Structures are given as structure tokens and as C-alpha cells.
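What follows is one structure encoded as C-alpha cells, with my remarks underneath.
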Amino acid sequence: MKRFVLASVLTLAALVFASTAAFGAELQGKLGLSAHGGLYKLGLTDHSDYWTVGGVVDAALKYGLTNNFVLGVEGTGRMTWMADTSKWADGAGFTFSNQDGGPKQKAFSVGLLGEYHFMPESKFSPYLSLGAGLYMWKWQDSSGNTLMSNDPSLAQTGVPTTAGTPAAPYELKDQELYGMLGLGFSYFISENFSWDLGGRARYLSHFLTDFKDDMDIVGKDPGQLDLPKLTAEVYTGFSFYFGGGAKDEDLDGVNDKKDKCPGTKIGCRVDEAGCPVDSDGDGVCDGIDACANTPKGAKVDAKGCPMDSDGDGVSDGTDKCDNTPAGCTVDAAGCPTDSDGDGVCNGLDKCADTQKGCTVDATGCPTDADGDGVCDGVDQCPNTPAGSQVNAIGCVLPTVEYIPTPEKPLILKGVNFETNKAILLAASKTILDEVAISLMAHPEVKVEIGGHCDATGSDAHNHQLSHDRATSVRNYLVEKGVKAENLFVKGYGETTPIADNKTVSGRAQNRRVELKRVQ
């Protein structure tokens, strides 16, 4: 028994595995004929279980409403025999041993049948079956005659009879309404032919029974016979499907069985597998695509044509600057070009050769607030008086050019400090303003700012004081716009006098600031 169960499980597993890569059935629109045979057993109480396991055959005519759901009609015939009472004491159970020449029971049912196939696309397709209809049965003797309730042969079986009672005899037959529930599977040997295996149960309702009182065979006490309430059936057989034709639900010209892309949009061109062809890869299939050569990466509309939200001629998806102002000239990436780098794109820029650094208006033309001829942004002296002559950076030309030569340092006469401090006197700043203008006009010039002291005080003190004074000058020039990287600071202390430190005038000349050109 264990070997049989194991073999059955392995066989079923093999069928399931094989089904994963095999064809199924196209049930929709097809007619089906089924023929099955098997065994059945009446469901009765122990004291009324007189019948052996019987045989059952059925035939059905079905139609596939969908690939999953099949509806039809079925007819079923059954026969069972009175069990050998000498071999059981508490119901016949699942026995095949019957009385020689004893009674037999025939039954026939006809009704509606519905099947739901869970995996119709697979070779192995489990299904659930439901049904309802009319169930008719009768008892017969060995010659095939319908038994009466007072038949003498019943006395030999132990079945209650009406013989010897005042009750009128009646035929042992009846009819019932039934409801059916079953499970099974179909293994499709081909697309139109399957082997079926399953089981089902029919509940008998007794709504139409002719038996009414305890003198009939509806009793519940020992010695009385119950009406059948259930049949349990197992069966196997075959089903054959025909008709229906080749289905093509998406109308793409490829049979649904071969179509790997069901639901293709109407109008699309498809390949042999039924999948849409999209030559330019824009997501809109050929046949619907009105722009068949769309550049790769471009966003398209429903017709497959590139969209260009900002109207710059570069399609969305490839446009890296998707909010380009109307009228701008753009590059291949869809970004505005700006030849003079003034922030106003070519195409809108009315002054295409604007000097670098100039502030411009909305049309790309330089602004000049003080009207000195040097544009705002480049102009280091934005409030120049009208009519003044200015240098390249927009500052009034200084009366003296404070640019030292490489051979000779330039002494900044008039640049003085508070006594023994590095604080510039106010008059010194006027001179340093002109120095700043000169240096800004020559950004290529780099200078050393050297601080010098007289011999009053210690060497260390004078060295630090001279360095601090040179630093103060540097800081002031940087504030005025001179590039810090063009200015270097060095404190010389009292080491390089240019006059006699023993006189007042000599010491005054030695306290000085010099510019020395280093580049």
C-alpha cells in the first residue's frame, strides 16, 4: 500500500512538473464530450447500509464559456448489489461481496454541470466541479423486475418488508433532487484530448421523495430502512474538445496560443510571437507611431512624436535644459549658448561682444551708471564725477602714477602714522587712494610694501613696528580693491636708513613706507 501511495505521489508530481513547459487547452468556445467510469458508495446509516461498492458511468456534453469556466449537462448511471449479510454485522461498508441472486439497486441522474479549471494554460489542470439535477433509483430482483415492499426475497436479506402486515405493498423506487461538489484534474494529452481523474459527492435532498410515513423505508429505528442521503464517487476517463477555432482576442493576427503578448493595442505591428514592434524604441509601436525615427531617449506623445516643451528644437528627454527662454539659440543638448558669457543667451543678446565682467541689462548690453565709459561690474569707481578722465577700471586718473620700477623703490611720501603706532593718519589715506587706483589699473604688477623706522627704540621694537605699519598699508589698499595676492609685506625696522638718525629731519626721512616691484 505504501508503495502504491508513493508511486501515485511521484506520478502526480511528474505530471505537474511536465505541465509547466507544455501546452494547455483553449477551452473557450469549444464543445466537449466526456466519458468516465468508476466506483461509488451510498451514504446510509449502519442499520440501513445493505449495499456493496458499486459501479458508476457518466457522460457529459460541455461548452467552454471562458478558458476557465465550462458549463454543460451530464447523465450518470449506477448499479450496486445487496451485500452478503453473513459477512458483516454493522453495515456493509466498503465491500464488493454480494448475495448470489440477491437484489440490486440501479440509479440514474441527469443535471447541469459546471467546471472551473484553475490552470487551463497548463498541461496539468486541476478543476472544481459543481452540479444539480434529478436522481432516480429503484431496487430490482435478479431478473431485472422492480421489487415490491412485500417481495418474499427481502425476508432473506433482513430488510424490513410489508409482507404479513396490513400495509399496502409499494414499489421500492424513488426520485430526489441532488447537489454535487467535486474535485479533479485533467491531463491534456493534446490540445483537444485529456485524461481525467477525480472524485465527487452528491447530496440527496428528499424534496421529491414519495415515502411519507414510518411504514415506508424512512425509519430511523433498528429494523427500519433510511433513504439514501449521499453518494460518494471516484472516477477516471477522457474528455474530447472540438470546434472553437483559433482565438485571437487582440486581433493582431497571432493565435492566442502562440501570442506571447496578449492584449496588444489594435493597430500595432507585431512580430511572429505577437509582440509589438517598436523600431525607434520610443514606447509607441510601429503602425501607431506617426514619427518612426524618433531620436533615442526623446519623450513622445501618444502618436510617437517627440515633445518639445520649451520649443527650442531639442526634444524632451534629450533636452538637458528644458526651460530655455523662447528665442534663445541652443546647443545639441538643448542648453542656451552665451558667447560673451554675460548671462543673456545668444538670440536674445543684442550686444554679443560684451566685455567679460560687465553688468548687462535684459537685452545683454552693458550698463554704465556713472557714464564714464567703463561698464558697471568692471568699474571700480562707480561714482566718478561726470566729465572726469578715468583709467581702464573706471577710476579718475591719479596725478601721480604710483608704479615703482624694478630698479628703484618708490617712497610713499606723505603716508604717516600716529607716533609709535601702526594707525594711518587721515591725510595718508588720500595718497593711498591714488596708489590703489594705480595698482588696480595694472593688475599685472606685484609689489612689496616695506616698512622702515628710525633708530629710536630697540631693534626688536622697531622691526615689529615697521612690519605692522606695512601691514596697515596693505590692508587699506586691499579694502580699496587691490588684489591681495599682488601685495607682500616686510618690516625692515631701522636696518636701511636713508638719512642721519642723529638729526630730527634725518629720523623723519627714515620713518617711511616704500613700494618695491617684485614682478
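Residues are named by chain letter and number: chains run A, B, ... in the order of the C-alpha cells, numbers start at 1 in each chain, and ligands are numbered from 1 in the order shown.
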Env of Ile411 (chain A): 8 Å cut, atoms = only C-alpha atoms, seq-sep filter 2 positions within chain, self excluded. Answer as a ChimeraX atom specification.
/A:409,413,512-515
Can those selected residues be exported to a file as a compact mmCIF listing (two decimals), in the first residue's frame so that it contains C-alpha atoms?
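Wrote it out as result-v6.txt, contents follow:
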# COMPACT_ATOMS: atom_id res chain seq x y z
CA PRO A 409 61.68 101.50 -4.98
CA LYS A 413 55.76 110.46 0.72
CA ARG A 512 58.84 105.75 5.65
CA VAL A 513 56.87 103.24 3.54
CA GLU A 514 58.31 102.07 0.23
CA LEU A 515 56.86 100.14 -2.71
Write out as a PDB file with C-alpha atoms, in the first residue's frame the set of residues from region 179-302 of chain A that DSSP, computed on the backbone, places in strand (DSSP E or B).
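states31.pdb was written with the following content:
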ATOM      1  CA  GLY A 179     -26.481  18.975  -5.388  1.00  0.00           C
ATOM      2  CA  MET A 180     -22.996  17.933  -6.455  1.00  0.00           C
ATOM      3  CA  LEU A 181     -19.496  19.060  -5.456  1.00  0.00           C
ATOM      4  CA  GLY A 182     -16.287  17.546  -6.819  1.00  0.00           C
ATOM      5  CA  LEU A 183     -12.557  17.966  -7.367  1.00  0.00           C
ATOM      6  CA  GLY A 184     -10.380  16.534 -10.109  1.00  0.00           C
ATOM      7  CA  PHE A 185      -7.749  17.258 -12.700  1.00  0.00           C
ATOM      8  CA  SER A 186      -7.376  16.976 -16.453  1.00  0.00           C
ATOM      9  CA  TYR A 187      -4.100  15.988 -18.050  1.00  0.00           C
ATOM     10  CA  PHE A 188      -4.094  17.228 -21.637  1.00  0.00           C
ATOM     11  CA  ILE A 189      -2.523  14.628 -23.878  1.00  0.00           C
ATOM     12  CA  SER A 190      -3.114  17.054 -26.733  1.00  0.00           C
ATOM     13  CA  PHE A 193      -7.888  15.439 -25.619  1.00  0.00           C
ATOM     14  CA  SER A 194      -7.475  14.952 -21.865  1.00  0.00           C
ATOM     15  CA  TRP A 195      -7.321  12.196 -19.309  1.00  0.00           C
ATOM     16  CA  ASP A 196      -9.481  12.983 -16.270  1.00  0.00           C
ATOM     17  CA  LEU A 197      -9.295  11.771 -12.677  1.00  0.00           C
ATOM     18  CA  GLY A 198     -11.468  12.965  -9.803  1.00  0.00           C
ATOM     19  CA  GLY A 199     -13.993  12.445  -7.094  1.00  0.00           C
ATOM     20  CA  ARG A 200     -17.382  13.935  -6.255  1.00  0.00           C
ATOM     21  CA  ALA A 201     -20.205  13.744  -3.768  1.00  0.00           C
ATOM     22  CA  ARG A 202     -23.945  14.172  -4.400  1.00  0.00           C
ATOM     23  CA  TYR A 203     -26.225  15.283  -1.612  1.00  0.00           C
ATOM     24  CA  LEU A 204     -29.783  13.891  -1.990  1.00  0.00           C
ATOM     25  CA  LEU A 230     -25.328  10.871  -0.172  1.00  0.00           C
ATOM     26  CA  THR A 231     -23.342   9.194  -2.914  1.00  0.00           C
ATOM     27  CA  ALA A 232     -19.555   9.300  -2.993  1.00  0.00           C
ATOM     28  CA  GLU A 233     -17.911   8.659  -6.355  1.00  0.00           C
ATOM     29  CA  VAL A 234     -14.385   8.295  -7.746  1.00  0.00           C
ATOM     30  CA  TYR A 235     -13.896   8.179 -11.485  1.00  0.00           C
ATOM     31  CA  THR A 236     -11.472   8.329 -14.364  1.00  0.00           C
ATOM     32  CA  GLY A 237     -11.954   8.743 -18.108  1.00  0.00           C
ATOM     33  CA  PHE A 238     -11.386  11.018 -21.029  1.00  0.00           C
ATOM     34  CA  SER A 239     -12.654  14.286 -22.496  1.00  0.00           C
ATOM     35  CA  PHE A 240     -12.561  15.347 -26.119  1.00  0.00           C
ATOM     36  CA  TYR A 241     -12.915  19.014 -27.177  1.00  0.00           C
ATOM     37  CA  PHE A 242     -13.640  20.231 -30.661  1.00  0.00           C
ATOM     38  CA  VAL A 270       3.692  42.652 -34.253  1.00  0.00           C
ATOM     39  CA  PRO A 276       4.584  44.875 -30.727  1.00  0.00           C
ATOM     40  CA  VAL A 300       6.971  61.273 -27.127  1.00  0.00           C
TER      41      VAL A 300
END
Considering only C-alpha atoms, return as a list in words whatever protein or nucleic-acid residues lie within 7 Å of Tyr50 (chain A), sequence-local ones (same chain, fewer than 5 positions apart) excluded.
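Answer for this query is Met82, Ala83, Gly91 and Ala92 of chain A.
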For the residues in the current selection, export N, CA and C atoms as a PDB file, in the first residue's frame.
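Okay, this is what ended up in part_17.pdb:
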ATOM      1  N   MET A  82     -27.031  -6.029  -3.309  1.00  0.00           N
ATOM      2  CA  MET A  82     -27.236  -6.312  -1.890  1.00  0.00           C
ATOM      3  C   MET A  82     -26.011  -7.080  -1.378  1.00  0.00           C
ATOM      4  N   ALA A  83     -25.418  -6.573  -0.300  1.00  0.00           N
ATOM      5  CA  ALA A  83     -24.200  -7.185   0.227  1.00  0.00           C
ATOM      6  C   ALA A  83     -24.516  -8.520   0.898  1.00  0.00           C
ATOM      7  N   GLY A  91     -23.340  -2.814   9.176  1.00  0.00           N
ATOM      8  CA  GLY A  91     -23.264  -2.101   7.905  1.00  0.00           C
ATOM      9  C   GLY A  91     -22.312  -2.781   6.945  1.00  0.00           C
ATOM     10  N   ALA A  92     -22.641  -2.698   5.674  1.00  0.00           N
ATOM     11  CA  ALA A  92     -21.852  -3.382   4.657  1.00  0.00           C
ATOM     12  C   ALA A  92     -20.465  -2.767   4.492  1.00  0.00           C
TER      13      ALA A  92
END
So that I can check the surroundings of Asn293 (chain A), please list as a tab-separated table (two decimals) with N, CA and C atoms, in the first residue's frame every protein, DNA and RNA residue that reaches within 12 Å of it, counting only C-alpha atoms and ignoring chain neighbours fewer than 4 positions away.
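Okay, this is what ended up in out21.tsv:
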chain	number	residue	atom	x	y	z
A	278	ASP	N	8.73	48.03	-32.19
A	278	ASP	CA	8.96	49.45	-31.93
A	278	ASP	C	10.36	49.80	-32.44
A	279	SER	N	10.44	50.16	-33.72
A	279	SER	CA	11.72	50.32	-34.40
A	279	SER	C	12.59	51.39	-33.76
A	280	ASP	N	11.98	52.50	-33.33
A	280	ASP	CA	12.79	53.58	-32.76
A	280	ASP	C	12.84	53.54	-31.24
A	281	GLY	N	12.21	52.54	-30.63
A	281	GLY	CA	12.34	52.34	-29.19
A	281	GLY	C	11.77	53.46	-28.35
A	282	ASP	N	10.73	54.14	-28.85
A	282	ASP	CA	10.16	55.27	-28.10
A	282	ASP	C	8.95	54.88	-27.26
A	284	VAL	N	6.13	53.63	-28.41
A	284	VAL	CA	4.91	53.62	-29.23
A	284	VAL	C	5.17	52.68	-30.41
A	285	CYS	N	4.31	51.69	-30.53
A	285	CYS	CA	4.56	50.63	-31.51
A	285	CYS	C	4.43	51.12	-32.94
A	286	ASP	N	5.20	50.47	-33.82
A	286	ASP	CA	5.07	50.73	-35.25
A	286	ASP	C	3.63	50.41	-35.67
A	289	ASP	N	2.83	54.63	-34.46
A	289	ASP	CA	3.85	55.67	-34.36
A	289	ASP	C	3.84	56.52	-35.63
A	297	GLY	N	15.89	58.22	-26.57
A	297	GLY	CA	15.79	58.97	-25.32
A	297	GLY	C	14.75	60.07	-25.32
A	298	ALA	N	14.22	60.43	-26.47
A	298	ALA	CA	13.24	61.51	-26.54
A	298	ALA	C	11.90	61.08	-25.96
A	300	VAL	N	7.90	61.15	-26.00
A	300	VAL	CA	6.97	61.27	-27.13
A	300	VAL	C	5.54	61.37	-26.63
A	304	GLY	N	3.63	58.98	-30.82
A	304	GLY	CA	5.02	58.62	-31.00
A	304	GLY	C	5.89	59.74	-31.51
A	305	CYS	N	5.40	60.97	-31.46
A	305	CYS	CA	6.17	62.12	-31.93
A	305	CYS	C	6.84	62.83	-30.76
A	306	PRO	N	8.10	63.30	-30.96
A	306	PRO	CA	8.84	63.94	-29.87
A	306	PRO	C	8.12	65.19	-29.35
Write out as a PDB file with C-alpha atoms, in the first residue's frame which residues come within 8 Å of Asp84 (chain A) when counting only C-alpha atoms, dropping same-chain ones fewer than 2 positions away.
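And here is the file that came out, around34.pdb:
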ATOM      1  CA  MET A  82     -27.236  -6.312  -1.890  1.00  0.00           C
ATOM      2  CA  SER A  86     -23.250 -13.143   6.517  1.00  0.00           C
ATOM      3  CA  LYS A  87     -20.022 -11.161   6.195  1.00  0.00           C
ATOM      4  CA  TRP A  88     -20.957  -8.009   8.121  1.00  0.00           C
ATOM      5  CA  SER A  97     -19.139  -9.232  -1.746  1.00  0.00           C
ATOM      6  CA  ASN A  98     -22.820  -9.551  -2.699  1.00  0.00           C
ATOM      7  CA  GLN A  99     -25.606 -12.124  -2.260  1.00  0.00           C
TER       8      GLN A  99
END
Counting only C-alpha atoms, which of A:Glu494, A:Asp248, A:Asp468, A:Glu74 gets nearest to Gln509 (chain A)?
A:Glu494
Here is a test: counting only C-alpha atoms, which residue of A:Val504, A:Val53, A:Ala386, A:Leu128 is nearest to Gly93 (chain A)?
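Comparing A:Val504, A:Val53, A:Ala386, A:Leu128 against Gly93 (chain A), the winner is A:Val53.
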Compile the contact shell of region 359-365 of chain A as an MDAnalysis selection string: residues with an atom at most 10 Å away, counting only C-alpha atoms, same-chain residues fewer than 6 positions apart removed.
chainID A and resid 338 340:353 375:379
For the residues in the current selection, export C-alpha atoms as a compact mmCIF listing (two decimals), in the first residue's frame.
# COMPACT_ATOMS: atom_id res chain seq x y z
CA ASP A 338 26.13 82.59 -24.44
CA ASP A 340 30.20 86.55 -24.37
CA GLY A 341 29.27 84.94 -21.04
CA ASP A 342 27.14 87.86 -19.88
CA GLY A 343 24.18 85.72 -18.78
CA VAL A 344 21.98 86.67 -21.73
CA CYS A 345 21.72 83.88 -24.30
CA ASN A 346 22.61 84.24 -27.96
CA GLY A 347 19.48 85.01 -29.90
CA LEU A 348 18.27 87.46 -27.24
CA ASP A 349 21.64 89.22 -26.67
CA LYS A 350 21.73 92.49 -28.64
CA CYS A 351 25.33 93.16 -27.60
CA ALA A 352 27.05 89.91 -28.41
CA ASP A 353 30.65 91.01 -27.60
CA CYS A 375 30.79 99.37 -17.66
CA ASP A 376 29.31 98.54 -14.29
CA GLY A 377 30.89 95.37 -12.96
CA VAL A 378 34.30 96.35 -14.28
CA ASP A 379 34.14 99.92 -12.93
Do you have the CA of Leu27 (chain A)-CA of Tyr135 (chain A) distance handy?
28.7 Å
Within 10 Å of Val254 (chain A) using only C-alpha atoms, minus same-chain residues under 5 positions, as a list in words
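Near neighbours after the sequence-gap exclusion: Ala246, Lys247, Asp248, Glu249, Asp259, Lys260, Cys261, Pro262, Val270, Asp271, Glu272, Ala273, Gly274 and Cys275 of chain A.
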Those same residues, written as a compact mmCIF listing (two decimals), in the first residue's frame with N, CA and C atoms?
# COMPACT_ATOMS: atom_id res chain seq x y z
N ALA A 246 -9.28 29.00 -33.98
CA ALA A 246 -8.13 29.70 -33.41
C ALA A 246 -8.57 31.07 -32.88
N LYS A 247 -8.27 31.34 -31.63
CA LYS A 247 -8.66 32.60 -31.00
C LYS A 247 -7.56 33.65 -31.18
N ASP A 248 -7.99 34.86 -31.41
CA ASP A 248 -7.07 35.99 -31.50
C ASP A 248 -7.76 37.19 -30.88
N GLU A 249 -7.76 37.23 -29.54
CA GLU A 249 -8.54 38.24 -28.82
C GLU A 249 -8.07 39.65 -29.10
N ASP A 259 0.52 33.64 -28.99
CA ASP A 259 0.73 35.06 -28.74
C ASP A 259 1.37 35.26 -27.36
N LYS A 260 2.62 35.74 -27.34
CA LYS A 260 3.32 35.97 -26.08
C LYS A 260 3.03 37.35 -25.50
N CYS A 261 2.30 38.16 -26.25
CA CYS A 261 1.95 39.50 -25.77
C CYS A 261 0.45 39.71 -25.98
N PRO A 262 -0.40 39.02 -25.18
CA PRO A 262 -1.84 39.22 -25.35
C PRO A 262 -2.23 40.64 -24.95
N VAL A 270 3.14 43.61 -35.20
CA VAL A 270 3.69 42.65 -34.25
C VAL A 270 4.65 41.70 -34.95
N ASP A 271 5.49 41.05 -34.13
CA ASP A 271 6.40 40.04 -34.68
C ASP A 271 5.71 38.67 -34.66
N GLU A 272 6.45 37.61 -34.96
CA GLU A 272 5.88 36.28 -35.03
C GLU A 272 5.32 35.80 -33.70
N ALA A 273 5.85 36.36 -32.61
CA ALA A 273 5.38 35.97 -31.28
C ALA A 273 4.18 36.79 -30.83
N GLY A 274 3.72 37.73 -31.67
CA GLY A 274 2.56 38.55 -31.31
C GLY A 274 2.91 39.74 -30.45
N CYS A 275 4.20 40.10 -30.37
CA CYS A 275 4.62 41.24 -29.55
C CYS A 275 4.84 42.46 -30.43
Proximity to Asp141 (chain A) - best of A:Trp81, A:Tyr116, A:Phe96, A:Tyr127, only C-alpha atoms:
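Of A:Trp81, A:Tyr116, A:Phe96, A:Tyr127, the one nearest Asp141 (chain A) is A:Trp81, counting only C-alpha atoms.
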Point-to-point distance from CA of Leu397 (chain A) to CA of Lys446 (chain A), Å rounded to tenths
19.8 Å
